[in-house]
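Enquirer: This is the content of my_file_37.txt (compact mmCIF, C-alpha atoms):
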```
# COMPACT_ATOMS: atom_id res chain seq x y z
CA MET A 1 -2.38 10.35 9.56
CA GLY A 2 0.25 7.65 9.88
CA ASP A 3 3.28 6.60 11.88
CA TYR A 4 5.99 9.02 10.78
CA ASN A 5 9.33 7.47 9.90
CA ALA A 6 12.08 9.57 8.36
CA ASP A 7 13.33 6.51 6.49
CA VAL A 8 10.09 6.39 4.48
CA VAL A 9 10.48 8.42 1.30
CA ALA A 10 6.78 9.27 1.09
CA HIS A 11 6.79 10.61 4.65
CA ARG A 12 9.75 12.87 3.98
CA VAL A 13 8.25 14.29 0.79
CA ILE A 14 4.64 14.85 1.92
CA PRO A 15 5.34 18.29 3.46
CA GLU A 16 6.85 19.42 0.16
CA ALA A 17 3.91 17.97 -1.77
CA LEU A 18 1.57 20.02 0.41
CA ARG A 19 3.71 23.14 0.00
CA LEU A 20 3.62 22.75 -3.77
CA ALA A 21 -0.16 22.27 -3.62
CA GLY A 22 -0.42 25.55 -1.73
CA ALA A 23 1.75 27.27 -4.33
CA HIS A 24 -0.56 25.87 -6.99
CA MET A 25 -3.37 27.75 -5.22
CA ASP A 26 -1.62 31.14 -5.43
CA GLN A 27 0.75 30.65 -2.50
CA THR A 28 -1.87 29.44 -0.04
CA GLU A 29 -0.16 28.12 3.09
CA VAL A 30 -1.21 24.59 3.85
CA ALA A 31 -1.17 24.02 7.61
CA PHE A 32 -1.09 20.41 8.75
CA ASP A 33 -0.41 18.18 11.75
CA TRP A 34 1.01 14.70 11.64
CA LYS A 35 -1.13 12.29 13.66
CA HIS A 36 0.45 9.04 14.83
CA THR A 37 -2.19 6.31 14.73
CA SER A 38 -1.65 5.59 18.42
CA ALA A 39 -2.69 9.16 19.27
CA ILE A 40 -5.07 10.43 16.59
CA GLY A 41 -7.60 12.00 18.97
CA SER A 42 -10.40 14.23 17.70
CA LEU A 43 -10.24 15.38 14.09
CA ALA A 44 -13.12 17.84 14.40
CA GLU A 45 -10.89 20.89 13.82
CA TYR A 46 -9.47 19.58 10.54
CA HIS A 47 -10.68 20.24 7.01
CA GLY A 48 -9.04 17.26 5.37
CA VAL A 49 -7.56 13.87 6.24
CA TRP A 50 -4.67 12.15 4.47
CA CYS A 51 -3.96 8.55 5.46
CA VAL A 52 -0.36 8.04 4.40
CA PRO A 53 1.87 5.11 3.38
CA ALA A 54 3.87 2.71 5.57
CA SER A 55 1.65 0.15 7.22
CA PRO A 56 1.05 -1.87 9.27
CA TYR A 57 0.06 1.04 11.47
CA ALA A 58 0.63 1.04 15.21
CA ASP A 59 -3.16 1.20 15.68
CA GLU A 60 -5.00 -0.13 12.64
CA ALA A 61 -8.41 0.22 14.29
CA ALA A 62 -7.81 3.90 15.05
CA ALA A 63 -6.79 4.56 11.45
CA VAL A 64 -9.92 2.86 10.16
CA ARG A 65 -12.10 4.84 12.59
CA ALA A 66 -10.55 8.10 11.37
CA ILE A 67 -11.28 7.15 7.77
CA GLN A 68 -14.84 6.32 8.79
CA TRP A 69 -15.16 9.75 10.42
CA ALA A 70 -13.99 11.49 7.25
CA ARG A 71 -16.39 9.47 5.13
CA GLU A 72 -19.43 9.92 7.33
CA ASN A 73 -18.82 13.64 7.89
CA LYS A 74 -17.96 14.27 4.22
CA VAL A 75 -14.54 15.64 5.13
CA PRO A 76 -12.08 15.51 2.20
CA PHE A 77 -10.02 12.32 2.41
CA LEU A 78 -7.01 10.98 0.55
CA GLY A 79 -5.47 7.57 1.16
CA THR A 80 -2.21 6.73 -0.58
CA CYS A 81 -0.62 3.27 -0.60
CA GLY A 82 -1.41 1.94 2.90
CA GLY A 83 -4.09 4.63 3.16
CA PHE A 84 -5.78 3.23 0.05
CA GLN A 85 -5.68 -0.25 1.55
CA HIS A 86 -7.23 0.87 4.84
CA ALA A 87 -9.91 2.92 3.08
CA VAL A 88 -10.94 -0.31 1.36
CA LEU A 89 -11.10 -2.05 4.74
CA GLU A 90 -13.19 0.77 6.20
CA LEU A 91 -15.71 0.57 3.36
CA ALA A 92 -15.93 -3.21 3.61
CA ARG A 93 -16.38 -3.18 7.37
CA HIS A 94 -18.66 -0.19 7.87
CA VAL A 95 -20.56 0.25 4.60
CA LEU A 96 -20.98 -3.41 3.65
CA GLY A 97 -21.07 -4.62 7.25
CA LEU A 98 -18.24 -7.13 6.80
CA SER A 99 -16.51 -6.78 10.14
CA GLU A 100 -14.36 -9.77 9.25
CA ALA A 101 -12.72 -7.99 6.28
CA GLN A 102 -8.96 -8.32 6.74
CA HIS A 103 -5.59 -7.12 5.48
CA ALA A 104 -3.16 -9.90 4.54
CA GLU A 105 -0.33 -8.00 6.23
CA THR A 106 -1.95 -8.32 9.65
CA ALA A 107 -4.61 -11.05 9.26
CA ALA A 108 -4.71 -13.96 11.66
CA SER A 109 -6.20 -16.22 8.95
CA GLU A 110 -6.73 -16.41 5.20
CA ASP A 111 -10.45 -15.70 5.54
CA CYS A 112 -12.01 -12.60 3.94
CA LEU A 113 -8.78 -11.00 2.76
CA TRP A 114 -9.98 -7.81 1.10
CA ILE A 115 -6.38 -6.66 0.90
CA SER A 116 -4.20 -9.43 -0.48
CA ARG A 117 -0.56 -9.80 -1.44
CA LEU A 118 0.18 -8.61 -4.97
CA ALA A 119 1.18 -11.24 -7.50
CA CYS A 120 4.28 -9.13 -8.24
CA SER A 121 5.86 -6.77 -5.72
CA LEU A 122 5.56 -3.07 -6.49
CA VAL A 123 8.27 -1.91 -4.10
CA GLU A 124 10.08 1.04 -5.70
CA VAL A 125 8.44 0.38 -9.06
CA ASP A 126 7.47 3.01 -11.64
CA ARG A 127 4.54 1.88 -13.75
CA PRO A 128 1.79 3.91 -15.43
CA VAL A 129 -1.87 3.70 -14.60
CA PHE A 130 -4.73 4.58 -16.91
CA ALA A 131 -7.71 6.71 -15.95
CA THR A 132 -11.13 5.20 -16.53
CA PRO A 133 -14.14 7.18 -17.79
CA GLN A 134 -15.20 7.46 -14.14
CA GLY A 135 -11.83 9.03 -13.41
CA ALA A 136 -12.19 11.67 -16.11
CA TRP A 137 -11.02 14.40 -13.71
CA LEU A 138 -7.68 12.59 -13.50
CA THR A 139 -7.37 12.70 -17.28
CA ALA A 140 -8.10 16.43 -17.21
CA ALA A 141 -5.70 17.07 -14.32
CA TYR A 142 -2.80 15.13 -15.81
CA GLY A 143 -3.55 16.00 -19.43
CA SER A 144 -3.60 12.33 -20.39
CA GLU A 145 -5.36 9.08 -19.61
CA GLU A 146 -1.91 7.59 -18.97
CA ILE A 147 -0.65 8.70 -15.57
CA PRO A 148 2.89 8.10 -14.27
CA ALA A 149 2.85 6.27 -10.95
CA THR A 150 5.44 5.21 -8.40
CA TYR A 151 4.74 2.46 -5.89
CA HIS A 152 6.20 1.09 -2.70
CA CYS A 153 3.87 -1.74 -1.76
CA ASN A 154 3.27 -5.47 -1.69
CA PHE A 155 -0.49 -5.43 -1.09
CA GLY A 156 -3.57 -4.27 -2.97
CA LEU A 157 -7.29 -4.80 -3.45
CA ASN A 158 -8.16 -8.48 -3.76
CA PRO A 159 -9.74 -8.61 -7.27
CA HIS A 160 -12.29 -11.09 -5.94
CA PHE A 161 -13.96 -8.25 -4.01
CA GLU A 162 -13.99 -5.53 -6.69
CA ALA A 163 -17.70 -5.96 -7.47
CA ASP A 164 -18.53 -5.83 -3.76
CA LEU A 165 -16.51 -2.63 -3.40
CA GLU A 166 -18.53 -1.07 -6.20
CA ARG A 167 -21.70 -2.01 -4.30
CA ALA A 168 -20.37 0.17 -1.48
CA GLY A 169 -20.53 3.18 -3.83
CA VAL A 170 -16.94 3.05 -5.05
CA GLN A 171 -15.93 4.04 -8.56
CA VAL A 172 -12.68 2.79 -10.07
CA MET A 173 -10.75 5.84 -11.30
CA ALA A 174 -7.62 4.15 -12.62
CA ARG A 175 -6.27 0.72 -13.49
CA ASP A 176 -2.84 -0.58 -14.35
CA GLU A 177 -1.80 -2.26 -17.60
CA GLU A 178 -3.21 -5.60 -16.39
CA GLY A 179 -6.54 -4.03 -15.42
CA GLU A 180 -5.96 -4.14 -11.66
CA VAL A 181 -7.59 -1.40 -9.56
CA ARG A 182 -5.10 1.32 -8.67
CA ALA A 183 -7.27 4.34 -7.76
CA ILE A 184 -10.80 4.73 -6.42
CA GLN A 185 -13.27 7.43 -5.41
CA LEU A 186 -16.51 7.31 -3.45
CA LYS A 187 -19.73 8.46 -5.08
CA GLY A 188 -21.73 11.06 -3.17
CA HIS A 189 -18.72 12.33 -1.23
CA PRO A 190 -17.11 15.69 -2.01
CA PHE A 191 -13.65 14.12 -2.09
CA PHE A 192 -12.89 10.57 -0.96
CA VAL A 193 -10.01 9.22 -3.01
CA GLY A 194 -7.57 6.36 -2.66
CA THR A 195 -4.51 5.51 -4.75
CA LEU A 196 -2.33 2.44 -4.37
CA PHE A 197 0.52 4.43 -5.89
CA GLN A 198 2.16 7.41 -4.20
CA PRO A 199 1.35 10.65 -6.08
CA GLU A 200 3.17 12.66 -3.41
CA ARG A 201 6.47 11.45 -4.88
CA MET A 202 6.10 13.92 -7.75
CA ALA A 203 7.44 16.46 -5.25
CA LEU A 204 10.81 14.69 -5.38
CA LYS A 205 11.15 16.25 -8.84
CA GLY A 206 9.80 19.60 -7.68
CA GLU A 207 6.44 18.94 -9.33
CA ALA A 208 3.02 19.45 -7.78
CA SER A 209 0.78 16.38 -7.78
CA PRO A 210 -2.67 16.91 -9.31
CA ILE A 211 -4.10 14.50 -6.76
CA VAL A 212 -2.57 16.26 -3.75
CA ASN A 213 -3.66 19.58 -5.30
CA ALA A 214 -7.20 18.25 -5.49
CA LEU A 215 -7.14 17.24 -1.82
CA VAL A 216 -5.99 20.71 -0.75
CA GLU A 217 -8.58 22.40 -2.97
CA ALA A 218 -11.31 20.17 -1.51
CA ALA A 219 -10.13 21.01 2.02
CA ALA A 220 -10.25 24.73 1.20
CA ASP A 221 -13.80 24.33 -0.10
CA TYR A 222 -14.76 22.41 3.04
CA PHE A 223 -13.29 25.19 5.19
CA ALA A 224 -15.22 27.84 3.23
CA ARG A 225 -18.50 25.94 3.63
CA ALA A 226 -17.91 25.36 7.33
CA SER A 227 -17.08 29.05 7.87
CA SER A 228 -20.19 30.14 5.98
CA THR A 229 -22.37 27.80 8.03
CA ALA A 230 -20.85 29.06 11.28
CA LEU A 231 -21.47 32.70 10.30
CA GLY A 232 -25.01 31.90 9.26
CA SER A 233 -25.80 30.37 12.63
CA GLN A 234 -24.71 33.45 14.56
```
Would you put the structure from the file into structure tokens?
Expert:
Amino acid sequence: MGDYNADVVAHRVIPEALRLAGAHMDQTEVAFDWKHTSAIGSLAEYHGVWCVPASPYADEAAAVRAIQWARENKVPFLGTCGGFQHAVLELARHVLGLSEAQHAETAASEDCLWISRLACSLVEVDRPVFATPQGAWLTAAYGSEEIPATYHCNFGLNPHFEADLERAGVQVMARDEEGEVRAIQLKGHPFFVGTLFQPERMALKGEASPIVNALVEAAADYFARASSTALGSQ
């Protein structure tokens, strides 16, 4: 889910990241559709949602609604870069009831900026993040608490609102060297994950991303549960 642009590196590499995730699962074919935010439509037939980089989106409200749908229906969700930022907005607006929560990239005022400009730009920057105890599955997946990360962004979670985000049920999975939040997950959801960095870029080196692998595995599990429920109702 995002506004595809062939000039965006992450957009070009996402299909390969999904192919590698399928190969990781014994050559499973990962079928996907790219949904422009101006024409998302119903997502009822999908078993996972990935909100991808390169915002501002053509229709921010539609993107946030789609994230809300994935959260409320417990459909596996991954938000990378801009997707992370808009997942934070969705949680602030619809879990905490802060309809005024804004993104500095599109805000009309400086009020309630949950997503603020980073003190230092992270455009085309490689910088490690470190898994927290709550992100233990990342440590297991990468084989280390230190995780290589590539960014292409100027905005992130406003540190002022971190405690509020945790009140919404969010766990911080990874931080950078300065302690800033760089990856989150939602408690009580099968798979609701956001990363400010772009794990899909591992595919540029022909490597499968543990985070993308986890999304595809969660989507497969969701499909299996949905199929079992459908059979049971017949």
Enquirer: May I ask which of the residues A:Val172, A:Leu91, A:Val49, A:Ala219 is the closest one to A:Thr28, counting all atoms listed in the file?
Expert: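 Residue with the minimum atom-to-atom distance to A:Thr28: A:Ala219.
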Enquirer: Given 6 Å on each side, where is the centre and what are the edge lengths in Å to one decimal of the axis-aligned box enclosing the listed atoms of stretch 33-52 of chain A, as lines of an AutoDock Vina configuration file?
Expert:
```
center_x = -6.1
center_y = 13.2
center_z = 11.8
size_x = 26.1
size_y = 27.3
size_z = 26.9
```
Enquirer: Any idea what's packed within 6 Å of A:Gly79, counting only C-alpha atoms, ignoring anything in its chain fewer than 3 positions away? Could you give it as a list of chain:residue names?
Expert: A:Trp50, A:Cys51, A:Gly83, A:Phe84, A:Gly194
Enquirer: Hey, what's within 9 Å of A:Val13 if we count only C-alpha atoms and toss same-chain stuff fewer than 4 positions away? As an NGL selection string, please?
Expert: :A and (8-9 or 17-18 or 200-204)
Enquirer: Please save C-alpha atoms of the selected residues as a PDB file, keeping the file's coordinate frame.
Expert:
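This is the output file out08.pdb:
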```
ATOM      1  CA  VAL A   8      10.090   6.390   4.480  1.00  0.00           C
ATOM      2  CA  VAL A   9      10.480   8.420   1.300  1.00  0.00           C
ATOM      3  CA  ALA A  17       3.910  17.970  -1.770  1.00  0.00           C
ATOM      4  CA  LEU A  18       1.570  20.020   0.410  1.00  0.00           C
ATOM      5  CA  GLU A 200       3.170  12.660  -3.410  1.00  0.00           C
ATOM      6  CA  ARG A 201       6.470  11.450  -4.880  1.00  0.00           C
ATOM      7  CA  MET A 202       6.100  13.920  -7.750  1.00  0.00           C
ATOM      8  CA  ALA A 203       7.440  16.460  -5.250  1.00  0.00           C
ATOM      9  CA  LEU A 204      10.810  14.690  -5.380  1.00  0.00           C
TER      10      LEU A 204
END
```
Enquirer: For A:Leu78, which of A:Asp164, A:Arg65, A:Pro199, A:Phe32 is the closest residue, counting all atoms listed in the file?
Expert: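 The closest residue to A:Leu78 is A:Pro199.
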Enquirer: Can you rebuild stretch 171-184 of chain A with N, CA and C atoms and give it as a PDB file, in the frame of the given file?
Expert:
```pdb
ATOM      1  N   GLN A 171     -16.219   4.005  -7.142  1.00  0.00           N
ATOM      2  CA  GLN A 171     -15.930   4.040  -8.560  1.00  0.00           C
ATOM      3  C   GLN A 171     -14.443   3.828  -8.773  1.00  0.00           C
ATOM      4  N   VAL A 172     -14.091   2.993  -9.722  1.00  0.00           N
ATOM      5  CA  VAL A 172     -12.680   2.790 -10.070  1.00  0.00           C
ATOM      6  C   VAL A 172     -12.246   3.933 -10.972  1.00  0.00           C
ATOM      7  N   MET A 173     -11.240   4.680 -10.539  1.00  0.00           N
ATOM      8  CA  MET A 173     -10.750   5.840 -11.300  1.00  0.00           C
ATOM      9  C   MET A 173      -9.584   5.503 -12.204  1.00  0.00           C
ATOM     10  N   ALA A 174      -8.794   4.487 -11.824  1.00  0.00           N
ATOM     11  CA  ALA A 174      -7.620   4.150 -12.620  1.00  0.00           C
ATOM     12  C   ALA A 174      -7.259   2.690 -12.427  1.00  0.00           C
ATOM     13  N   ARG A 175      -6.739   2.102 -13.505  1.00  0.00           N
ATOM     14  CA  ARG A 175      -6.270   0.720 -13.490  1.00  0.00           C
ATOM     15  C   ARG A 175      -4.859   0.671 -14.066  1.00  0.00           C
ATOM     16  N   ASP A 176      -4.166  -0.423 -13.766  1.00  0.00           N
ATOM     17  CA  ASP A 176      -2.840  -0.580 -14.350  1.00  0.00           C
ATOM     18  C   ASP A 176      -2.948  -1.299 -15.693  1.00  0.00           C
ATOM     19  N   GLU A 177      -1.818  -1.647 -16.273  1.00  0.00           N
ATOM     20  CA  GLU A 177      -1.800  -2.260 -17.600  1.00  0.00           C
ATOM     21  C   GLU A 177      -2.493  -3.620 -17.625  1.00  0.00           C
ATOM     22  N   GLU A 178      -2.544  -4.286 -16.466  1.00  0.00           N
ATOM     23  CA  GLU A 178      -3.210  -5.600 -16.390  1.00  0.00           C
ATOM     24  C   GLU A 178      -4.681  -5.465 -15.991  1.00  0.00           C
ATOM     25  N   GLY A 179      -5.143  -4.243 -15.781  1.00  0.00           N
ATOM     26  CA  GLY A 179      -6.540  -4.030 -15.420  1.00  0.00           C
ATOM     27  C   GLY A 179      -6.814  -4.041 -13.934  1.00  0.00           C
ATOM     28  N   GLU A 180      -5.755  -4.138 -13.111  1.00  0.00           N
ATOM     29  CA  GLU A 180      -5.960  -4.140 -11.660  1.00  0.00           C
ATOM     30  C   GLU A 180      -6.303  -2.736 -11.165  1.00  0.00           C
ATOM     31  N   VAL A 181      -7.148  -2.679 -10.124  1.00  0.00           N
ATOM     32  CA  VAL A 181      -7.590  -1.400  -9.560  1.00  0.00           C
ATOM     33  C   VAL A 181      -6.416  -0.697  -8.883  1.00  0.00           C
ATOM     34  N   ARG A 182      -6.211   0.564  -9.258  1.00  0.00           N
ATOM     35  CA  ARG A 182      -5.100   1.320  -8.670  1.00  0.00           C
ATOM     36  C   ARG A 182      -5.535   2.668  -8.097  1.00  0.00           C
ATOM     37  N   ALA A 183      -6.761   3.102  -8.368  1.00  0.00           N
ATOM     38  CA  ALA A 183      -7.270   4.340  -7.760  1.00  0.00           C
ATOM     39  C   ALA A 183      -8.791   4.265  -7.715  1.00  0.00           C
ATOM     40  N   ILE A 184      -9.353   4.775  -6.617  1.00  0.00           N
ATOM     41  CA  ILE A 184     -10.800   4.730  -6.420  1.00  0.00           C
ATOM     42  C   ILE A 184     -11.299   6.077  -5.898  1.00  0.00           C
TER      43      ILE A 184
END
```
